[in-house]
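K.L.:
Contents are JSON, C-alpha atoms and all ligand atoms; file name data-v7.json:
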[["chain", "number", "residue", "atom", "x", "y", "z"],
["V", 1, "MET", "CA", -16.44, -28.72, 22.86],
["V", 2, "ASN", "CA", -13.83, -26.13, 23.68],
["V", 3, "TRP", "CA", -12.62, -24.43, 20.47],
["V", 4, "LYS", "CA", -9.45, -22.47, 19.89],
["V", 5, "ARG", "CA", -8.83, -19.96, 17.14],
["V", 6, "VAL", "CA", -5.63, -20.75, 15.28],
["V", 7, "LEU", "CA", -5.81, -18.35, 12.36],
["V", 8, "ILE", "CA", -7.34, -15.05, 11.33],
["V", 9, "ALA", "CA", -7.50, -15.14, 7.56],
["V", 10, "TYR", "CA", -7.18, -12.06, 5.41],
["V", 11, "ASP", "CA", -9.50, -13.53, 2.80],
["V", 12, "PRO", "CA", -11.79, -16.56, 2.36],
["V", 13, "LEU", "CA", -9.25, -18.29, 0.12],
["V", 14, "GLN", "CA", -6.64, -18.34, 2.85],
["V", 15, "ALA", "CA", -9.16, -19.66, 5.35],
["V", 16, "GLY", "CA", -10.12, -22.39, 2.89],
["V", 17, "MET", "CA", -6.50, -23.37, 2.30],
["V", 18, "ALA", "CA", -5.90, -23.59, 6.02],
["V", 19, "ARG", "CA", -8.91, -25.86, 6.42],
["V", 20, "VAL", "CA", -7.68, -28.16, 3.65],
["V", 21, "THR", "CA", -4.26, -28.39, 5.28],
["V", 22, "LEU", "CA", -5.63, -29.18, 8.73],
["V", 23, "GLU", "CA", -8.29, -31.62, 7.56],
["V", 24, "ALA", "CA", -5.67, -33.46, 5.51],
["V", 25, "ALA", "CA", -3.82, -34.00, 8.78],
["V", 26, "GLY", "CA", -6.95, -35.44, 10.39],
["V", 27, "LEU", "CA", -7.91, -32.43, 12.48],
["V", 28, "THR", "CA", -11.44, -31.18, 13.09],
["V", 29, "VAL", "CA", -11.82, -27.71, 11.62],
["V", 30, "GLN", "CA", -14.46, -25.02, 11.94],
["V", 31, "LEU", "CA", -14.57, -21.81, 9.93],
["V", 32, "ARG", "CA", -16.35, -18.84, 11.42],
["V", 33, "GLN", "CA", -17.75, -15.71, 9.86],
["V", 34, "MET", "CA", -17.31, -17.09, 6.35],
["V", 35, "GLU", "CA", -21.04, -16.86, 5.80],
["V", 36, "LEU", "CA", -20.82, -13.12, 6.17],
["V", 37, "TRP", "CA", -18.18, -12.77, 3.51],
["V", 38, "GLY", "CA", -19.28, -10.77, 0.51],
["V", 39, "VAL", "CA", -22.04, -8.98, 2.35],
["V", 40, "ALA", "CA", -20.02, -6.09, 3.67],
["V", 41, "VAL", "CA", -16.36, -6.93, 3.73],
["V", 42, "GLU", "CA", -15.16, -3.45, 4.51],
["V", 43, "VAL", "CA", -17.63, -3.07, 7.32],
["V", 44, "LEU", "CA", -16.62, -6.40, 8.80],
["V", 45, "TYR", "CA", -12.95, -5.57, 8.71],
["V", 46, "SER", "CA", -13.53, -2.16, 10.22],
["V", 47, "HIS", "CA", -15.09, -3.94, 13.18],
["V", 48, "GLY", "CA", -12.25, -6.40, 13.44],
["V", 49, "ALA", "CA", -14.17, -9.33, 11.98],
["V", 50, "ALA", "CA", -12.46, -11.60, 9.49],
["V", 51, "PRO", "CA", -12.87, -15.24, 8.57],
["V", 52, "SER", "CA", -11.15, -17.28, 11.21],
["V", 53, "VAL", "CA", -10.17, -20.92, 11.58],
["V", 54, "TRP", "CA", -10.91, -22.82, 14.80],
["V", 55, "VAL", "CA", -9.95, -26.27, 16.04],
["V", 56, "PRO", "CA", -10.74, -28.21, 19.24],
["V", 57, "ALA", "CA", -8.51, -27.09, 22.10],
["V", 58, "HIS", "CA", -6.59, -30.36, 22.27],
["V", 59, "GLN", "CA", -5.62, -30.00, 18.58],
["V", 60, "GLU", "CA", -4.48, -26.40, 18.86],
["V", 61, "GLN", "CA", -0.74, -27.00, 19.00],
["V", 62, "THR", "CA", -0.83, -29.42, 16.08],
["V", 63, "ALA", "CA", -2.86, -26.99, 14.03],
["V", 64, "LEU", "CA", -0.56, -24.07, 14.74],
["V", 65, "ARG", "CA", 2.47, -26.11, 13.76],
["V", 66, "LEU", "CA", 0.87, -27.25, 10.51],
["V", 67, "LEU", "CA", -0.15, -23.72, 9.60],
["V", 68, "GLN", "CA", 3.31, -22.41, 10.42],
["V", 69, "GLU", "CA", 4.79, -24.95, 8.04],
["V", 70, "GLN", "CA", 2.26, -24.06, 5.37],
["V", 71, "PHE", "CA", 3.04, -20.38, 5.48],
["V", 72, "ASP", "CA", 6.77, -20.90, 5.81],
["V", 73, "SER", "CA", 6.69, -22.75, 2.53],
["V", 74, "SER", "CA", 4.58, -20.13, 0.77],
["V", 75, "ALA", "CA", 6.14, -17.18, -0.96],
["V", 76, "GLU", "CA", 3.96, -14.62, 0.75],
["V", 77, "ALA", "CA", 5.82, -12.49, 3.23],
["V", 78, "ASP", "CA", 4.34, -9.04, 2.94],
["V", 79, "GLU", "CA", 3.89, -8.61, 6.67],
["V", 80, "PRO", "CA", 6.69, -8.79, 9.23],
["V", 81, "ASP", "CA", 6.82, -11.67, 11.65],
["V", 82, "TRP", "CA", 6.24, -10.96, 15.30],
["V", 83, "GLN", "CA", 8.06, -12.23, 18.32],
["V", 84, "CYS", "CA", 6.15, -13.76, 21.19],
["V", 85, "PRO", "CA", 6.37, -11.52, 24.28],
["V", 86, "ASP", "CA", 6.23, -14.59, 26.50],
["V", 87, "CYS", "CA", 8.58, -17.19, 25.07],
["V", 88, "HIS", "CA", 10.29, -15.06, 22.37],
["V", 89, "GLU", "CA", 9.52, -17.48, 19.59],
["V", 90, "PRO", "CA", 9.26, -15.88, 16.15],
["V", 91, "ASN", "CA", 5.77, -16.24, 14.69],
["V", 92, "GLY", "CA", 4.42, -15.67, 11.20],
["V", 93, "SER", "CA", 2.34, -12.54, 10.77],
["V", 94, "HIS", "CA", -0.74, -14.65, 10.00],
["V", 95, "PHE", "CA", -0.94, -16.16, 13.45],
["V", 96, "ALA", "CA", -3.34, -14.86, 16.03],
["V", 97, "CYS", "CA", -1.37, -16.46, 18.81],
["V", 98, "CYS", "CA", 2.04, -17.95, 19.45],
["V", 99, "TRP", "CA", 2.47, -21.42, 17.94],
["V", 100, "ASN", "CA", 4.72, -22.39, 20.82],
["V", 101, "CYS", "CA", 2.94, -21.23, 23.97],
["V", 102, "GLY", "CA", -0.41, -19.93, 22.72],
["V", 103, "THR", "CA", -0.03, -16.33, 23.87],
["V", 104, "GLN", "CA", -2.44, -14.04, 22.03],
["V", 105, "HIS", "CA", -0.80, -11.61, 19.65],
["V", 106, "ARG", "CA", -3.82, -9.53, 18.71],
["V", 107, "GLU", "CA", -7.57, -9.68, 18.72],
["V", 108, "SER", "CA", -8.11, -8.34, 15.22],
["V", 109, "PRO", "CA", -6.10, -7.43, 12.12],
["L", 201, "ZN", "ZN", 5.10, -17.91, 22.90]]
How does the structure come out when it is put into structure tokens?
P.N.:
Amino acid sequence: MNWKRVLIAYDPLQAGMARVTLEAAGLTVQLRQMELWGVAVEVLYSHGAAPSVWVPAHQEQTALRLLQEQFDSSAEADEPDWQCPDCHEPNGSHFACCWNCGTQHRESP
């Protein structure tokens, strides 16, 4: 199956919340790198590794929209949003790629 990353989480709790949200909507969700959490968090982050949330490619747009709604409704806004260089849609700082067209924003936090 072709998987797409829809979120780079800044901690395991956020990754877990994202999974709950997506699974509640009937999506298939895979968390990666969670098993490494707690071993050497600082080392992982220094190498650009963080827990990330993946969904099958055909569910990517749905997942991104759900996550956008989730974070829009949360009070956390300590990072600035970014604007997609391709379609100029505003995106939440938590998103690894544009919710609208899928353009990658960054490879690592
Ligand atoms: Zn875009």
K.L.:
Excluding V:Pro51 and residues on its chain fewer than 6 positions from it, collect all residues at most 8 Å away from it, counting all atoms listed in the file, and give them as number ranges by chain.
P.N.:
V: 8-12, 15, 31-34, 37
K.L.:
Given the choices V:Gln70, V:Arg5, V:Pro56, V:Ala24, which gets closest to V:Thr103 if the distance is worked out from all atoms listed in the file?
P.N.:
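Distance minimum relative to V:Thr103 lands on V:Arg5.
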K.L.:
Nearest to V:Ser93 among V:Met17, V:Ala50, V:Leu67, V:Leu27, with distances taken over all atoms listed in the file: which residue is it?
P.N.:
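Closest to V:Ser93, using all atoms listed in the file: V:Leu67.
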K.L.:
So what do you get for atom CA of V:Phe95 versus atom CA of V:Val20, distance-wise?
P.N.:
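Separating atom CA of V:Phe95 from atom CA of V:Val20 is a distance of 16.9 Å.
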K.L.:
Considering only C-alpha atoms and all ligand atoms, can you say which of V:His58, V:Lys4, V:His94, V:His105 comes closest to ligand ZN 201 (chain L)?
P.N.:
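Between V:His58, V:Lys4, V:His94, V:His105, the residue approaching ligand ZN 201 (chain L) most closely is V:His105.
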K.L.:
Tell me, in Å to one decimal, how far atom CA of V:Arg65 is from atom ZN of ligand ZN 201 (chain L).
P.N.:
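Atom-to-atom, atom CA of V:Arg65 to atom ZN of ligand ZN 201 (chain L), that is 12.6 Å.
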K.L.:
Around ligand ZN 201 (chain L), which protein and nucleic acid residues have at least one atom no more than 8 Å from it, if we count only C-alpha atoms and all ligand atoms? List them as a short mmCIF file (atom, residue, chain, number, x, y, z; two decimals) with C-alpha atoms, in the frame of the given file.
P.N.:
data_model
loop_
_atom_site.label_atom_id
_atom_site.label_comp_id
_atom_site.auth_asym_id
_atom_site.auth_seq_id
_atom_site.Cartn_x
_atom_site.Cartn_y
_atom_site.Cartn_z
CA GLN V 83 8.06 -12.23 18.32
CA CYS V 84 6.15 -13.76 21.19
CA PRO V 85 6.37 -11.52 24.28
CA ASP V 86 6.23 -14.59 26.50
CA CYS V 87 8.58 -17.19 25.07
CA HIS V 88 10.29 -15.06 22.37
CA GLU V 89 9.52 -17.48 19.59
CA CYS V 97 -1.37 -16.46 18.81
CA CYS V 98 2.04 -17.95 19.45
CA TRP V 99 2.47 -21.42 17.94
CA ASN V 100 4.72 -22.39 20.82
CA CYS V 101 2.94 -21.23 23.97
CA GLY V 102 -0.41 -19.93 22.72
CA THR V 103 -0.03 -16.33 23.87
#
K.L.:
Record the distance separating atom CA of V:Ala96 and atom CA of V:Ala25, expressed in Å with one decimal.
P.N.:
20.5 Å
K.L.:
Which residues come within 8 Å of V:Leu66, counting only C-alpha atoms, excluding same-chain residues fewer than 4 positions away, as a PyMOL selection string?
P.N.:
chain V and resi 21-22+62+70
